[in-house]
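Source file start.tsv; content: TSV, C-alpha atoms.
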chain	number	residue	atom	x	y	z
P	1	MET	CA	2.52	-24.42	-69.29
P	2	ASP	CA	0.23	-21.37	-69.25
P	3	VAL	CA	-3.48	-21.49	-68.35
P	4	ILE	CA	-4.59	-21.75	-71.98
P	5	ASP	CA	-2.34	-24.71	-72.76
P	6	GLN	CA	-3.49	-26.30	-69.49
P	7	ALA	CA	-7.13	-25.81	-70.49
P	8	ILE	CA	-6.49	-27.54	-73.81
P	9	GLU	CA	-4.88	-30.48	-72.04
P	10	ASP	CA	-7.73	-30.69	-69.53
P	11	ILE	CA	-10.33	-30.74	-72.31
P	12	ARG	CA	-8.48	-33.50	-74.12
P	13	ALA	CA	-8.13	-35.56	-70.95
P	14	SER	CA	-11.34	-34.89	-69.01
P	15	GLY	CA	-13.61	-33.32	-71.61
P	16	TYR	CA	-13.79	-29.87	-70.00
P	17	ALA	CA	-11.81	-27.07	-68.39
P	18	VAL	CA	-12.51	-23.95	-66.32
P	19	VAL	CA	-10.42	-20.79	-66.67
P	20	GLU	CA	-11.21	-18.28	-63.94
P	21	ASP	CA	-10.85	-14.52	-64.54
P	22	PHE	CA	-10.92	-15.15	-68.29
P	23	LEU	CA	-12.83	-12.00	-69.27
P	24	THR	CA	-11.15	-8.64	-68.90
P	25	GLN	CA	-13.06	-6.07	-66.89
P	26	THR	CA	-13.94	-4.22	-70.11
P	27	GLN	CA	-15.16	-7.39	-71.83
P	28	LEU	CA	-17.26	-8.27	-68.81
P	29	GLU	CA	-18.84	-4.81	-68.54
P	30	VAL	CA	-19.60	-4.56	-72.28
P	31	ALA	CA	-21.02	-8.09	-72.41
P	32	THR	CA	-23.16	-7.55	-69.31
P	33	ARG	CA	-24.72	-4.39	-70.76
P	34	ALA	CA	-25.38	-6.08	-74.10
P	35	MET	CA	-26.88	-9.14	-72.43
P	36	ALA	CA	-29.23	-7.03	-70.31
P	37	GLU	CA	-30.80	-5.68	-73.50
P	38	ILE	CA	-31.05	-9.17	-75.00
P	39	GLU	CA	-32.63	-10.59	-71.85
P	40	ALA	CA	-35.20	-7.79	-71.66
P	41	ASN	CA	-36.60	-8.99	-75.00
P	42	SER	CA	-36.50	-12.71	-74.18
P	43	SER	CA	-39.07	-14.99	-72.62
P	44	PHE	CA	-39.11	-18.26	-70.69
P	45	GLY	CA	-39.10	-21.57	-72.53
P	46	ARG	CA	-42.13	-23.83	-72.79
P	47	GLU	CA	-40.62	-27.31	-72.66
P	48	ASN	CA	-38.44	-29.27	-70.29
P	49	PHE	CA	-35.30	-29.61	-72.39
P	50	GLY	CA	-34.93	-25.87	-72.99
P	51	GLY	CA	-36.29	-25.11	-69.53
P	52	THR	CA	-39.50	-23.46	-68.40
P	53	ARG	CA	-37.57	-21.26	-65.95
P	54	THR	CA	-34.81	-20.49	-68.43
P	55	LYS	CA	-34.57	-17.60	-70.87
P	56	ARG	CA	-32.71	-18.29	-74.10
P	57	SER	CA	-31.85	-16.15	-77.09
P	58	SER	CA	-29.77	-17.14	-80.10
P	59	ASN	CA	-28.32	-15.23	-83.06
P	60	LEU	CA	-26.65	-12.77	-80.67
P	61	LEU	CA	-24.20	-11.69	-83.36
P	62	GLY	CA	-27.16	-10.58	-85.44
P	63	GLN	CA	-28.46	-8.47	-82.57
P	64	THR	CA	-25.45	-6.72	-81.05
P	65	ARG	CA	-21.72	-6.04	-81.43
P	66	GLY	CA	-21.31	-6.39	-77.65
P	67	PHE	CA	-19.77	-9.87	-77.81
P	68	ASP	CA	-17.47	-9.54	-80.83
P	69	ASP	CA	-14.36	-8.99	-78.73
P	70	ILE	CA	-14.99	-12.22	-76.82
P	71	VAL	CA	-15.82	-14.33	-79.87
P	72	THR	CA	-12.55	-13.25	-81.54
P	73	ASP	CA	-10.38	-13.18	-78.39
P	74	ASP	CA	-6.89	-14.59	-79.09
P	75	ARG	CA	-6.99	-16.77	-75.96
P	76	MET	CA	-10.39	-18.15	-76.87
P	77	LEU	CA	-9.27	-19.02	-80.38
P	78	ARG	CA	-6.12	-20.69	-79.05
P	79	ILE	CA	-8.30	-23.05	-77.04
P	80	VAL	CA	-10.58	-23.71	-80.01
P	81	GLU	CA	-7.66	-24.46	-82.31
P	82	GLY	CA	-6.01	-26.63	-79.67
P	83	VAL	CA	-9.11	-28.83	-79.54
P	84	LEU	CA	-10.56	-28.66	-83.07
P	85	GLY	CA	-7.48	-27.92	-85.18
P	86	PRO	CA	-6.84	-24.90	-87.44
P	87	ALA	CA	-10.03	-25.09	-89.54
P	88	PHE	CA	-13.00	-23.92	-87.44
P	89	GLN	CA	-15.89	-21.46	-87.42
P	90	ILE	CA	-18.62	-20.09	-85.17
P	91	SER	CA	-21.52	-22.50	-84.77
P	92	ILE	CA	-23.86	-20.55	-82.48
P	93	VAL	CA	-23.77	-17.64	-80.02
P	94	ALA	CA	-26.57	-17.64	-77.46
P	95	MET	CA	-27.79	-16.45	-74.08
P	96	ILE	CA	-28.77	-19.03	-71.45
P	97	LYS	CA	-30.14	-17.52	-68.26
P	98	ILE	CA	-31.45	-19.90	-65.60
P	99	PHE	CA	-33.85	-18.63	-62.92
P	100	PRO	CA	-34.80	-20.05	-59.50
P	101	GLY	CA	-37.09	-23.05	-59.70
P	102	GLU	CA	-35.56	-24.55	-62.85
P	103	SER	CA	-35.19	-28.33	-63.01
P	104	PRO	CA	-32.02	-30.02	-64.26
P	105	GLN	CA	-31.67	-30.30	-68.03
P	106	PRO	CA	-31.24	-33.85	-69.36
P	107	LEU	CA	-27.65	-34.76	-70.14
P	108	HIS	CA	-26.85	-34.63	-73.85
P	109	GLN	CA	-24.04	-34.28	-76.40
P	110	ASP	CA	-23.97	-31.27	-78.71
P	111	ASP	CA	-21.97	-33.06	-81.38
P	112	GLY	CA	-24.96	-35.38	-81.79
P	113	LEU	CA	-26.37	-32.82	-84.24
P	114	TRP	CA	-24.12	-34.41	-86.85
P	115	PRO	CA	-24.96	-38.12	-87.33
P	116	ALA	CA	-21.43	-39.55	-87.45
P	117	PRO	CA	-20.42	-42.85	-85.86
P	118	ARG	CA	-18.19	-42.72	-82.81
P	119	PRO	CA	-15.34	-42.47	-82.15
P	120	HIS	CA	-14.56	-39.43	-84.27
P	121	GLN	CA	-12.40	-36.34	-83.96
P	122	PRO	CA	-13.77	-33.44	-81.91
P	123	PHE	CA	-16.48	-31.68	-83.94
P	124	VAL	CA	-17.55	-28.96	-81.51
P	125	LEU	CA	-16.01	-26.89	-78.75
P	126	ASN	CA	-18.64	-25.48	-76.41
P	127	THR	CA	-17.89	-22.49	-74.22
P	128	MET	CA	-19.85	-20.77	-71.48
P	129	LEU	CA	-18.80	-17.37	-70.15
P	130	ALA	CA	-20.12	-16.65	-66.66
P	131	LEU	CA	-21.77	-13.23	-66.62
P	132	ASP	CA	-23.03	-14.14	-63.14
P	133	GLU	CA	-21.46	-16.43	-60.56
P	134	PHE	CA	-22.17	-20.08	-61.38
P	135	ARG	CA	-22.89	-22.33	-58.41
P	136	ALA	CA	-24.25	-25.80	-57.79
P	137	ASP	CA	-27.47	-24.28	-56.43
P	138	ASN	CA	-28.20	-21.74	-59.20
P	139	GLY	CA	-27.98	-23.81	-62.35
P	140	GLY	CA	-24.25	-24.25	-62.80
P	141	THR	CA	-23.53	-26.48	-65.80
P	142	ASN	CA	-23.37	-30.23	-65.12
P	143	LEU	CA	-20.76	-32.37	-66.90
P	144	VAL	CA	-19.68	-36.01	-66.80
P	145	PRO	CA	-15.85	-36.11	-66.79
P	146	GLY	CA	-14.36	-38.37	-69.45
P	147	SER	CA	-17.67	-38.96	-71.22
P	148	HIS	CA	-16.34	-37.35	-74.42
P	149	LYS	CA	-14.46	-40.60	-74.97
P	150	SER	CA	-17.46	-42.86	-74.39
P	151	LEU	CA	-19.04	-44.90	-77.17
P	152	ASP	CA	-22.13	-45.61	-75.05
P	153	PRO	CA	-25.48	-43.78	-75.18
P	154	VAL	CA	-25.82	-40.91	-72.74
P	155	ASP	CA	-26.55	-42.25	-69.26
P	156	GLN	CA	-28.83	-39.91	-67.30
P	157	GLU	CA	-27.72	-41.60	-64.06
P	158	ALA	CA	-24.01	-40.96	-64.65
P	159	GLU	CA	-22.08	-39.23	-61.88
P	160	ARG	CA	-21.65	-35.60	-62.80
P	161	VAL	CA	-19.71	-32.53	-61.77
P	162	MET	CA	-21.66	-29.35	-61.03
P	163	VAL	CA	-19.47	-26.47	-62.19
P	164	SER	CA	-19.01	-23.55	-59.85
P	165	MET	CA	-17.07	-20.53	-61.12
P	166	PRO	CA	-16.83	-16.81	-60.41
P	167	ARG	CA	-18.24	-14.12	-62.67
P	168	GLY	CA	-15.96	-13.60	-65.68
P	169	SER	CA	-14.83	-17.23	-65.86
P	170	LEU	CA	-14.78	-19.49	-68.91
P	171	LEU	CA	-16.05	-23.06	-69.04
P	172	ALA	CA	-14.99	-24.89	-72.22
P	173	TRP	CA	-15.85	-28.47	-73.13
P	174	ASP	CA	-15.73	-30.97	-75.97
P	175	GLY	CA	-19.17	-31.15	-77.59
P	176	ALA	CA	-19.10	-34.92	-77.11
P	177	CYS	CA	-18.98	-34.52	-73.33
P	178	TRP	CA	-22.28	-35.34	-71.62
P	179	HIS	CA	-23.61	-32.14	-70.12
P	180	GLY	CA	-26.72	-30.16	-69.19
P	181	GLY	CA	-27.85	-27.09	-67.33
P	182	GLY	CA	-28.15	-27.64	-63.60
P	183	ALA	CA	-31.15	-27.29	-61.32
P	184	SER	CA	-31.68	-23.91	-59.66
P	185	ILE	CA	-32.73	-24.49	-56.07
P	186	GLY	CA	-31.47	-21.20	-54.62
P	187	ASP	CA	-32.78	-17.67	-54.93
P	188	THR	CA	-30.45	-16.20	-57.59
P	189	GLU	CA	-30.30	-16.51	-61.35
P	190	ARG	CA	-27.22	-17.14	-63.46
P	191	CYS	CA	-26.62	-15.84	-66.98
P	192	GLY	CA	-24.17	-17.43	-69.37
P	193	LEU	CA	-22.88	-16.38	-72.78
P	194	ASN	CA	-22.76	-19.59	-74.79
P	195	ILE	CA	-20.36	-19.54	-77.76
P	196	ASN	CA	-19.90	-22.79	-79.68
P	197	TYR	CA	-17.37	-23.36	-82.46
P	198	ASN	CA	-17.32	-26.27	-84.89
P	199	VAL	CA	-14.83	-27.58	-87.43
P	200	GLY	CA	-14.86	-25.57	-90.64
P	201	TRP	CA	-16.09	-28.32	-92.93
P	202	LEU	CA	-19.32	-28.98	-91.00
P	203	ARG	CA	-22.58	-27.07	-91.31
P	204	GLN	CA	-23.00	-24.54	-88.51
P	205	GLN	CA	-25.81	-24.99	-85.98
P	206	GLU	CA	-26.99	-21.47	-86.76
P	207	ASN	CA	-26.90	-20.20	-90.35
P	208	GLN	CA	-24.57	-17.23	-89.92
P	209	PHE	CA	-24.92	-16.17	-93.57
P	210	VAL	CA	-28.64	-15.48	-93.05
P	211	SER	CA	-28.66	-14.54	-89.38
P	212	ILE	CA	-26.50	-11.42	-89.68
P	213	PRO	CA	-27.80	-8.64	-91.99
P	214	GLN	CA	-25.75	-8.46	-95.17
P	215	ASP	CA	-25.09	-4.74	-94.76
P	216	VAL	CA	-23.44	-5.48	-91.40
P	217	ILE	CA	-20.97	-8.10	-92.67
P	218	PRO	CA	-18.59	-5.62	-94.42
P	219	THR	CA	-18.34	-3.56	-91.21
P	220	LEU	CA	-16.97	-6.49	-89.17
P	221	SER	CA	-13.32	-7.33	-88.65
P	222	GLU	CA	-11.73	-9.82	-91.04
P	223	ARG	CA	-11.27	-12.25	-88.17
P	224	MET	CA	-15.00	-12.14	-87.42
P	225	GLN	CA	-15.90	-12.49	-91.09
P	226	ARG	CA	-13.70	-15.57	-91.35
P	227	LEU	CA	-15.21	-17.07	-88.20
P	228	LEU	CA	-18.71	-16.54	-89.54
P	229	GLY	CA	-17.83	-18.81	-92.47
P	230	TYR	CA	-16.40	-16.53	-95.13
P	231	GLN	CA	-13.36	-18.77	-95.42
P	232	HIS	CA	-12.15	-21.79	-97.33
P	233	HIS	CA	-10.07	-24.86	-96.56
P	234	GLY	CA	-8.29	-25.94	-99.71
P	235	ILE	CA	-11.00	-26.15	-102.36
P	236	LEU	CA	-13.77	-26.46	-99.78
P	237	GLY	CA	-15.74	-23.24	-99.48
P	238	LEU	CA	-14.49	-21.45	-102.59
P	239	SER	CA	-16.86	-19.29	-104.65
P	240	GLY	CA	-16.17	-19.66	-108.35
P	241	GLY	CA	-12.61	-20.58	-107.45
P	242	GLN	CA	-12.19	-17.45	-105.30
P	243	ASP	CA	-11.77	-16.81	-101.60
P	244	PRO	CA	-15.35	-16.06	-100.43
P	245	LEU	CA	-14.16	-13.03	-98.48
P	246	GLU	CA	-12.71	-11.52	-101.67
P	247	VAL	CA	-16.07	-12.09	-103.38
P	248	LEU	CA	-17.79	-10.37	-100.47
P	249	ARG	CA	-15.44	-7.40	-100.68
P	250	GLY	CA	-16.00	-7.11	-104.41
P	251	ARG	CA	-19.75	-6.99	-103.90
P	252	ALA	CA	-19.39	-4.31	-101.23
P	253	GLN	CA	-17.22	-2.20	-103.52
P	254	GLY	CA	-19.67	-2.67	-106.39
P	255	ALA	CA	-22.57	-1.62	-104.17
P	256	GLY	CA	-20.65	1.52	-103.22
P	257	GLN	CA	-20.02	2.40	-106.83
P	258	ASP	CA	-23.69	1.85	-107.72
P	259	ALA	CA	-24.70	4.19	-104.91
P	260	ARG	CA	-22.54	6.96	-106.42
P	261	LEU	CA	-24.09	6.67	-109.89
Render the structure in this file as structure tokens.
Amino acid sequence: MDVIDQAIEDIRASGYAVVEDFLTQTQLEVATRAMAEIEANSSFGRENFGGTRTKRSSNLLGQTRGFDDIVTDDRMLRIVEGVLGPAFQISIVAMIKIFPGESPQPLHQDDGLWPAPRPHQPFVLNTMLALDEFRADNGGTNLVPGSHKSLDPVDQEAERVMVSMPRGSLLAWDGACWHGGGASIGDTERCGLNINYNVGWLRQQENQFVSIPQDVIPTLSERMQRLLGYQHHGILGLSGGQDPLEVLRGRAQGAGQDARL
């Protein structure tokens, strides 16, 4: 069993998995440069859940192409498919950077965005790529092993694991798993690239059709376009009976012809 298959099994069994050295050196360097620009234009939060010593930025795919290679990585998508099944899409891509002095985030479940009774199939696969080292003292993510199978309300007193992982590692977890950002009691910050995927028949957390400029969409790879939601599953997602990506391509060709008139 390779590390990806093992990660899938760990997520099914315990709710989460860590894959060290997941990012290639090129992916890590490109993502770090892109994130530095994002962070320079971000500010601290103003409430406890998001964190008053945490900088967050969403819609990263609408701001930069620096993370495309990670979002569409074959290994990443193998994990997503192994947990969610073959029909999935990007839900949100965000920066979460925790600074010294941050308090622990309350435990929560990200699949709670969709009001469905439990138990249900996995709706969301959360991932966090460590662009800095994650430690128990600098805000490493907290998770409650096995809680993705629980039918009980989130228990803030539950025993949790504080994830430590080297720079370049991947943390992936079922969106039903109780989790939260950790407290930062040391003197270093930690920056994570948060990429969440959800099953293809659910509404995405972030509206990818609006968030990314329409003139950018045709320049992206087909894999990225599909992940953004330009896809269909049987008759779900068709546009006038057509594959939405074919409709998109037709519009792009028509716009090119109009420009030549």
Residues near range 13-24 of chain P, cut-off 6 Å, only C-alpha atoms, skip fewer than 6 positions along chain, as an MDAnalysis selection string: chainID P and resid 7 145:146 148 168:174 177
Neighbours of Phe99 in chain P within 6 Å (all atoms listed in the file; same-chain residues fewer than 6 positions away dropped), as a PyMOL selection string? chain P and resi 53-54+189
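Pairwise distance (CA of Phe88 in chain P, CA of Trp201 in chain P) equals 7.7 Å.
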Non-local contacts of Gly50 in chain P (12 Å; only C-alpha atoms; under 5 positions in same chain excluded) as a list in words: Ser43, Phe44, Gly45, Lys55, Arg56, Ser57, Met95, Ile96, Lys97, Ile98, Glu102, Ser103, Pro104, Gln105, Pro106, Leu107, His108, Gly180, Gly181 and Gly182 of chain P
Å distance separating CA of Glu9 in chain P from CA of Ile195 in chain P, one decimal place: 19.8 Å
Please list as an mmCIF file with C-alpha atoms, in the frame of the given file every residue within 7 Å of range 116-122 of chain P, counting only C-alpha atoms and excluding residues in the same chain fewer than 4 positions away.
data_model
loop_
_atom_site.group_PDB
_atom_site.id
_atom_site.type_symbol
_atom_site.label_atom_id
_atom_site.label_comp_id
_atom_site.auth_asym_id
_atom_site.auth_seq_id
_atom_site.Cartn_x
_atom_site.Cartn_y
_atom_site.Cartn_z
ATOM 1 C CA VAL P 83 -9.110 -28.830 -79.540
ATOM 2 C CA LEU P 84 -10.560 -28.660 -83.070
ATOM 3 C CA LEU P 151 -19.040 -44.900 -77.170
ATOM 4 C CA ASP P 174 -15.730 -30.970 -75.970
#
Report the centre and edge lengths, in Å to one decimal, of an axis-aligned box enclosing every atom of range 147-157 of chain P listed in the file, padded by 8 Å on each side, as lines of an AutoDock Vina configuration file.
center_x = -21.6
center_y = -41.5
center_z = -70.6
size_x = 30.4
size_y = 24.3
size_z = 29.1
